[in-house]
>>> print(open('my_file-v6.txt').read())   # compact mmCIF, C-alpha atoms
# COMPACT_ATOMS: atom_id res chain seq x y z
CA MET D 101 -26.71 -110.22 146.22
CA ALA D 102 -23.05 -111.00 146.81
CA SER D 103 -22.05 -112.20 150.25
CA GLU D 104 -21.09 -109.51 152.75
CA ARG D 105 -17.55 -110.80 153.13
CA PHE D 106 -16.64 -109.14 149.83
CA PHE D 107 -17.59 -105.71 151.07
CA GLY D 108 -15.36 -103.28 152.90
CA GLN D 109 -12.35 -103.69 150.63
CA ALA D 110 -10.37 -100.78 149.19
CA LEU D 111 -12.54 -98.28 147.34
CA LEU D 112 -11.94 -96.27 144.18
CA GLU D 113 -13.92 -93.11 143.49
CA SER D 114 -14.93 -94.23 140.02
CA ASP D 115 -16.69 -97.09 138.28
CA TYR D 116 -13.96 -99.37 136.97
CA VAL D 117 -16.38 -102.27 136.39
CA ASN D 118 -16.91 -101.55 132.72
CA PRO D 119 -17.31 -104.78 130.74
CA ASN D 120 -18.30 -102.93 127.56
CA PHE D 121 -14.78 -101.54 127.39
CA PHE D 122 -13.36 -105.05 126.98
CA TYR D 123 -16.04 -106.12 124.50
CA LEU D 124 -15.12 -103.10 122.37
CA LEU D 125 -11.42 -103.95 122.57
CA ALA D 126 -12.20 -107.44 121.27
CA LYS D 127 -14.51 -106.24 118.49
CA GLU D 128 -13.00 -106.65 115.04
CA ASP D 129 -12.52 -103.76 112.66
CA LYS D 130 -14.48 -104.87 109.58
CA LYS D 131 -11.90 -103.42 107.18
CA ALA D 132 -8.70 -104.56 108.85
CA LEU D 133 -10.30 -107.76 110.22
CA GLN D 134 -8.54 -107.36 113.55
CA SER D 135 -9.42 -106.36 117.07
CA CYS D 136 -7.61 -103.72 119.11
CA ARG D 137 -3.85 -104.21 119.02
CA VAL D 138 -2.99 -103.67 122.67
CA HIS D 139 -1.78 -105.97 125.42
CA ILE D 140 -4.11 -106.62 128.35
CA PRO D 141 -3.74 -109.10 131.21
CA PRO D 142 -6.22 -111.99 131.05
CA THR D 143 -9.53 -110.54 132.24
CA ALA D 144 -12.69 -112.46 133.18
CA LEU D 145 -16.17 -110.99 133.49
CA PHE D 146 -18.57 -112.48 136.04
CA GLU D 147 -22.31 -111.91 136.02
CA GLN D 148 -25.06 -113.70 137.95
CA GLY D 149 -22.47 -115.85 139.69
CA PHE D 150 -20.85 -117.27 136.54
CA ALA D 151 -17.93 -116.51 134.24
CA LYS D 152 -19.56 -114.83 131.26
CA ALA D 153 -16.53 -113.83 129.18
CA LEU D 154 -12.75 -114.17 129.15
CA PHE D 155 -10.56 -111.62 127.37
CA THR D 156 -6.92 -112.33 126.50
CA THR D 157 -4.21 -111.07 124.16
CA GLU D 158 -3.17 -113.38 121.34
CA TYR D 159 0.04 -113.09 119.34
CA ILE D 160 1.29 -114.39 116.03
CA LYS D 161 4.28 -116.61 116.76
CA GLY D 162 7.52 -114.70 116.24
CA HIS D 163 5.76 -111.32 116.14
CA PRO D 164 5.61 -109.89 119.69
CA SER D 165 4.02 -106.64 118.48
CA SER D 166 1.10 -108.43 116.81
CA GLY D 167 -1.01 -108.81 119.94
CA GLU D 168 -4.79 -108.53 119.55
CA VAL D 169 -7.51 -108.67 122.19
CA LYS D 170 -9.62 -111.82 121.82
CA ARG D 171 -12.60 -113.09 123.77
CA LYS D 172 -14.33 -116.32 124.71
CA VAL D 173 -17.94 -116.09 125.84
CA GLY D 174 -20.79 -118.22 127.13
CA ARG D 175 -20.20 -121.95 127.05
CA ASP D 176 -16.66 -121.44 125.75
CA VAL D 177 -15.50 -120.18 129.15
CA ASP D 178 -15.82 -121.65 132.64
CA SER D 179 -14.17 -121.38 136.06
CA GLU D 180 -11.45 -123.88 135.11
CA ASP D 181 -10.42 -121.69 132.17
CA VAL D 182 -10.29 -118.62 134.40
CA PHE D 183 -8.28 -120.38 137.10
CA ASP D 184 -5.77 -121.63 134.53
CA VAL D 185 -5.05 -118.20 133.02
CA MET D 186 -4.98 -116.42 136.39
CA THR D 187 -2.54 -118.85 138.00
CA LYS D 188 -0.49 -120.15 135.06
CA GLY D 189 3.14 -120.55 136.07
CA ILE D 190 2.47 -119.72 139.73
CA SER D 191 3.38 -122.48 142.18
CA ASP D 192 3.36 -120.40 145.39
CA GLU D 193 -0.11 -120.55 146.95
CA ARG D 194 0.53 -117.27 148.80
CA ALA D 195 1.73 -115.25 145.81
CA VAL D 196 -0.53 -112.44 144.58
CA CYS D 197 -1.89 -113.61 141.23
CA ALA D 198 -5.16 -111.76 140.54
CA VAL D 199 -7.19 -108.67 141.35
CA LEU D 200 -10.96 -108.57 141.71
CA ILE D 201 -12.77 -105.36 140.76
CA PHE D 202 -16.45 -104.96 141.62
CA ALA D 203 -18.99 -102.25 142.31
CA ALA D 204 -19.39 -101.26 145.94
CA PRO D 205 -22.87 -101.98 147.32
CA ARG D 206 -25.16 -99.01 147.81
CA ALA D 207 -22.51 -96.65 146.38
CA VAL D 208 -22.90 -96.09 142.65
CA GLU D 209 -19.67 -94.14 142.19
CA LEU D 210 -17.41 -96.41 144.24
CA THR D 211 -15.58 -99.56 143.23
CA ASN D 212 -14.08 -102.29 145.40
CA VAL D 213 -10.60 -103.61 144.63
CA ARG D 214 -9.31 -106.84 146.14
CA PHE D 215 -5.95 -108.51 145.46
CA MET D 216 -5.96 -112.30 145.75
CA ASP D 217 -3.46 -115.12 146.11
CA LYS D 218 -3.84 -118.49 144.42
CA GLU D 219 -5.87 -120.02 147.25
CA GLU D 220 -8.28 -117.06 147.30
CA VAL D 221 -8.76 -117.30 143.53
CA ARG D 222 -9.53 -121.00 143.87
CA ARG D 223 -11.99 -120.37 146.70
CA PHE D 224 -13.73 -117.57 144.80
CA LEU D 225 -14.08 -119.55 141.58
CA PHE D 226 -15.10 -122.94 142.93
CA HIS D 227 -16.61 -122.39 146.37
CA GLU D 228 -18.13 -118.91 146.47
CA VAL D 229 -21.75 -119.30 145.35
CA GLU D 230 -22.94 -115.69 145.45
CA LYS D 231 -20.36 -113.89 143.36
CA PRO D 232 -20.79 -110.15 142.72
CA LYS D 233 -20.83 -108.74 139.21
CA CYS D 234 -17.13 -108.20 138.77
CA LEU D 235 -13.98 -108.32 136.71
CA MET D 236 -11.10 -110.60 137.65
CA GLN D 237 -7.76 -109.68 136.11
CA ARG D 238 -4.43 -111.47 136.30
CA PHE D 239 -1.91 -109.62 138.43
CA VAL D 240 1.02 -108.21 136.45
CA SER D 241 4.16 -108.72 138.50
CA PRO D 242 6.43 -105.65 138.78
CA LYS D 243 10.15 -105.73 138.08
CA GLY D 244 10.95 -105.48 141.78
CA ASN D 245 9.41 -106.92 144.94
CA ASN D 246 6.90 -104.11 145.50
CA ASN D 247 3.78 -103.54 143.46
CA SER D 248 3.95 -100.43 141.28
CA VAL D 249 1.02 -98.85 139.45
CA ILE D 250 0.74 -96.01 136.94
CA LEU D 251 -2.54 -94.13 136.78
CA ALA D 252 -3.04 -92.35 133.45
CA SER D 253 -5.68 -89.85 132.33
CA TRP D 254 -5.70 -89.37 128.57
CA SER D 255 -7.17 -86.90 126.11
CA PRO D 256 -6.16 -86.18 122.50
CA LEU D 257 -4.27 -83.11 123.72
CA LEU D 258 -2.96 -84.10 127.14
CA VAL D 259 -1.80 -87.12 129.12
CA LEU D 260 -1.48 -86.97 132.90
CA THR D 261 0.34 -89.78 134.69
CA GLU D 262 0.99 -90.60 138.31
CA GLY D 263 2.96 -93.52 139.69
CA ARG D 264 2.92 -95.11 143.14
CA ARG D 265 4.80 -98.03 144.67
CA SER D 266 3.64 -100.00 147.68
CA MET D 267 5.99 -100.10 150.65
CA ASN D 268 4.71 -103.59 151.47
CA SER D 269 6.82 -106.25 149.80
CA LEU D 270 5.05 -108.83 147.67
CA LEU D 271 7.29 -111.40 149.36
CA ASP D 272 6.09 -110.53 152.88
CA ARG D 273 3.78 -113.40 153.79
CA HIS D 274 2.94 -111.74 157.11
CA VAL D 275 0.92 -109.17 155.14
CA SER D 276 -2.33 -110.03 153.36
CA PRO D 277 -2.37 -110.23 149.54
CA ASN D 278 -4.62 -107.18 149.52
CA ALA D 279 -2.20 -105.08 151.57
CA ARG D 280 0.69 -106.20 149.36
CA GLY D 281 -1.08 -105.23 146.14
CA LEU D 282 -2.92 -101.99 146.94
CA THR D 283 -1.47 -98.61 145.92
CA PHE D 284 -3.85 -95.86 144.77
CA GLU D 285 -6.89 -97.74 146.03
CA ASP D 286 -6.32 -97.36 149.78
CA PRO D 287 -4.83 -94.24 151.41
CA THR D 288 -4.05 -96.25 154.57
CA ILE D 289 -1.54 -98.42 152.70
CA PRO D 290 1.99 -96.93 152.82
CA THR D 291 3.14 -96.02 149.31
CA LEU D 292 5.79 -93.92 147.62
CA GLU D 293 5.34 -91.63 144.64
CA VAL D 294 7.58 -92.76 141.79
CA ALA D 295 8.91 -90.95 138.76
CA ILE D 296 7.75 -92.08 135.32
CA SER D 297 10.22 -92.02 132.44
CA GLU D 298 9.53 -90.15 129.21
CA SER D 299 9.65 -93.40 127.25
CA THR D 300 6.96 -94.93 129.48
CA VAL D 301 4.72 -91.87 129.14
CA LYS D 302 5.20 -92.06 125.36
CA GLU D 303 4.20 -95.73 125.32
CA ILE D 304 1.13 -95.02 127.47
CA THR D 305 0.14 -92.19 125.14
CA GLN D 306 0.48 -94.39 122.07
CA THR D 307 -1.53 -97.19 123.67
CA CYS D 308 -4.37 -94.85 124.63
CA ALA D 309 -4.37 -93.39 121.12
CA ARG D 310 -4.62 -96.88 119.58
CA ILE D 311 -7.60 -97.66 121.79
CA ALA D 312 -9.30 -94.40 120.82
CA GLU D 313 -8.65 -95.06 117.12
CA HIS D 314 -10.04 -98.58 117.43
CA PHE D 315 -13.23 -97.31 119.07
CA ASP D 316 -13.60 -94.72 116.32
CA ARG D 317 -13.18 -97.34 113.56
CA THR D 318 -15.51 -99.93 115.08
CA GLU D 319 -18.15 -97.80 116.79
CA ARG D 320 -17.69 -94.31 115.35
CA LEU D 321 -17.12 -93.44 118.97
CA GLN D 322 -14.74 -90.53 119.45
CA LEU D 323 -13.12 -90.45 122.87
CA ASN D 324 -12.14 -87.20 124.48
CA ARG D 325 -10.60 -88.61 127.66
CA ASP D 326 -9.77 -91.69 129.75
CA PRO D 327 -9.94 -94.77 127.46
CA ARG D 328 -8.84 -96.98 130.36
>>> encode(input="my_file-v6.txt", output="structure tokens")
Amino acid sequence: MASERFFGQALLESDYVNPNFFYLLAKEDKKALQSCRVHIPPTALFEQGFAKALFTTEYIKGHPSSGEVKRKVGRDVDSEDVFDVMTKGISDERAVCAVLIFAAPRAVELTNVRFMDKEEVRRFLFHEVEKPKCLMQRFVSPKGNNNSVILASWSPLLVLTEGRRSMNSLLDRHVSPNARGLTFEDPTIPTLEVAISESTVKEITQTCARIAEHFDRTERLQLNRDPR
């Protein structure tokens, strides 16, 4: 069992710890010989206290739209690999650089979310012995100084989007990394609802459709909603 200090973080009313989703993204279409062509932040899967898989997006040089989801598993991935991709280019030890997503104990339909700075990532990877089953994903920095998140619910006929921006600045070192990163996950964190442009909604719709098409080609799995 994971140590109790992980518990009590922000909770989501859904199970976002879904490793099969990432394995399916990385699965190659036998006809096209390519995996799903979407961009994802580097994402590591931990099970039984160890890094089990690392998912990244790879591009053909000079072709920014050629990104495909790739994976490394088993002995091909370790904590050093995860630390490198989560903190690459980040020199500030206090900067938010990753988010940990793991199932809440004794609550099947709840998920814990914890934003981490570089020091916390290092401590988790190299010093925390009893790690929970979890996903660690590199933090995607927003254009401004406040974290912004878009929550999208997709179906073949309808896309619903909602955007929120934290009122806590990512540059405010008097606030914990978690409080700087949280938006939808914690109603006690001050946030603002933000408008989402038509072009962004269109891009989200196209991305969700590509994921659904990939699942259909590789698994004959037709999605009706929420390929996220």
>>> closest_residue(input="my_file-v6.txt", among="D:Leu251, D:Phe202, D:Arg171, D:Phe239", to="Lys188 in chain D", atoms="all atoms listed in the file")
D:Phe239
>>> residues_around(input="my_file-v6.txt", residues="Asp192 in chain D", least_positions_apart="6", cutoff="10 Å", atoms="only C-alpha atoms", output="PDB file with C-alpha atoms, in the frame of the given file")
ATOM      1  CA  ASP D 217      -3.460-115.120 146.110  1.00  0.00           C
ATOM      2  CA  LYS D 218      -3.840-118.490 144.420  1.00  0.00           C
ATOM      3  CA  GLU D 219      -5.870-120.020 147.250  1.00  0.00           C
TER       4      GLU D 219
END
>>> residues_near_point(input="my_file-v6.txt", point="(-7.2, -110.2, 146.0)", cutoff="12 Å", atoms="only C-alpha atoms", output="VMD selection string")
chain D and resid 106 109 to 110 186 194 to 202 212 to 224 235 to 239 276 to 282
>>> closest_residue(input="my_file-v6.txt", among="D:Leu124, D:Leu257, D:Ala252, D:Val294", to="Thr307 in chain D", atoms="only C-alpha atoms")
D:Ala252
>>> closest_residue(input="my_file-v6.txt", among="D:Lys152, D:Lys131, D:Lys231, D:Arg265", to="Ile250 in chain D", atoms="all atoms listed in the file")
D:Arg265
>>> closest_residue(input="my_file-v6.txt", among="D:Phe155, D:Trp254, D:Phe226, D:Phe183", to="His139 in chain D", atoms="all atoms listed in the file")
D:Phe155
>>> closest_residue(input="my_file-v6.txt", among="D:Ile140, D:Thr157, D:Val249, D:Thr261", to="Lys302 in chain D", atoms="all atoms listed in the file")
D:Thr261
>>> residues_near_point(input="my_file-v6.txt", point="(-4.3, -109.4, 118.6)", cutoff="6 Å", atoms="all atoms listed in the file", output="VMD selection string")
chain D and resid 137 157 to 159 166 to 169
>>> residues_around(input="my_file-v6.txt", residues="Tyr123 in chain D", least_positions_apart="4", cutoff="10 Å", atoms="only C-alpha atoms", output="list in words")
Asn118, Pro119, Lys127, Glu128, Ser135, Ala153, Leu154, Phe155, Val169, Lys170 and Arg171 of chain D
>>> closest_residue(input="my_file-v6.txt", among="D:Ser255, D:Thr318, D:Pro290, D:Asp176", to="Gln306 in chain D", atoms="all atoms listed in the file")
D:Ser255
>>> axis_aligned_box(input="my_file-v6.txt", around="range 296-300 of chain D", padding_each_side="8 Å", output="lines of an AutoDock Vina configuration file")
center_x = 8.6
center_y = -92.5
center_z = 131.3
size_x = 19.3
size_y = 20.8
size_z = 24.1
>>> residues_around(input="my_file-v6.txt", residues="Glu319 in chain D", least_positions_apart="2", cutoff="12 Å", atoms="all atoms listed in the file", output="PyMOL selection string")
chain D and resi 120-121+123-125+127-130+311-317+321-323
>>> atom_distance(input="my_file-v6.txt", atom1="CA of Ala144 in chain D", atom2="CA of Val182 in chain D")
6.7 Å
>>> atom_distance(input="my_file-v6.txt", atom1="CA of Glu230 in chain D", atom2="CA of Gly149 in chain D")
5.8 Å
>>> atom_distance(input="my_file-v6.txt", atom1="CA of Thr156 in chain D", atom2="CA of Glu303 in chain D")
20.0 Å
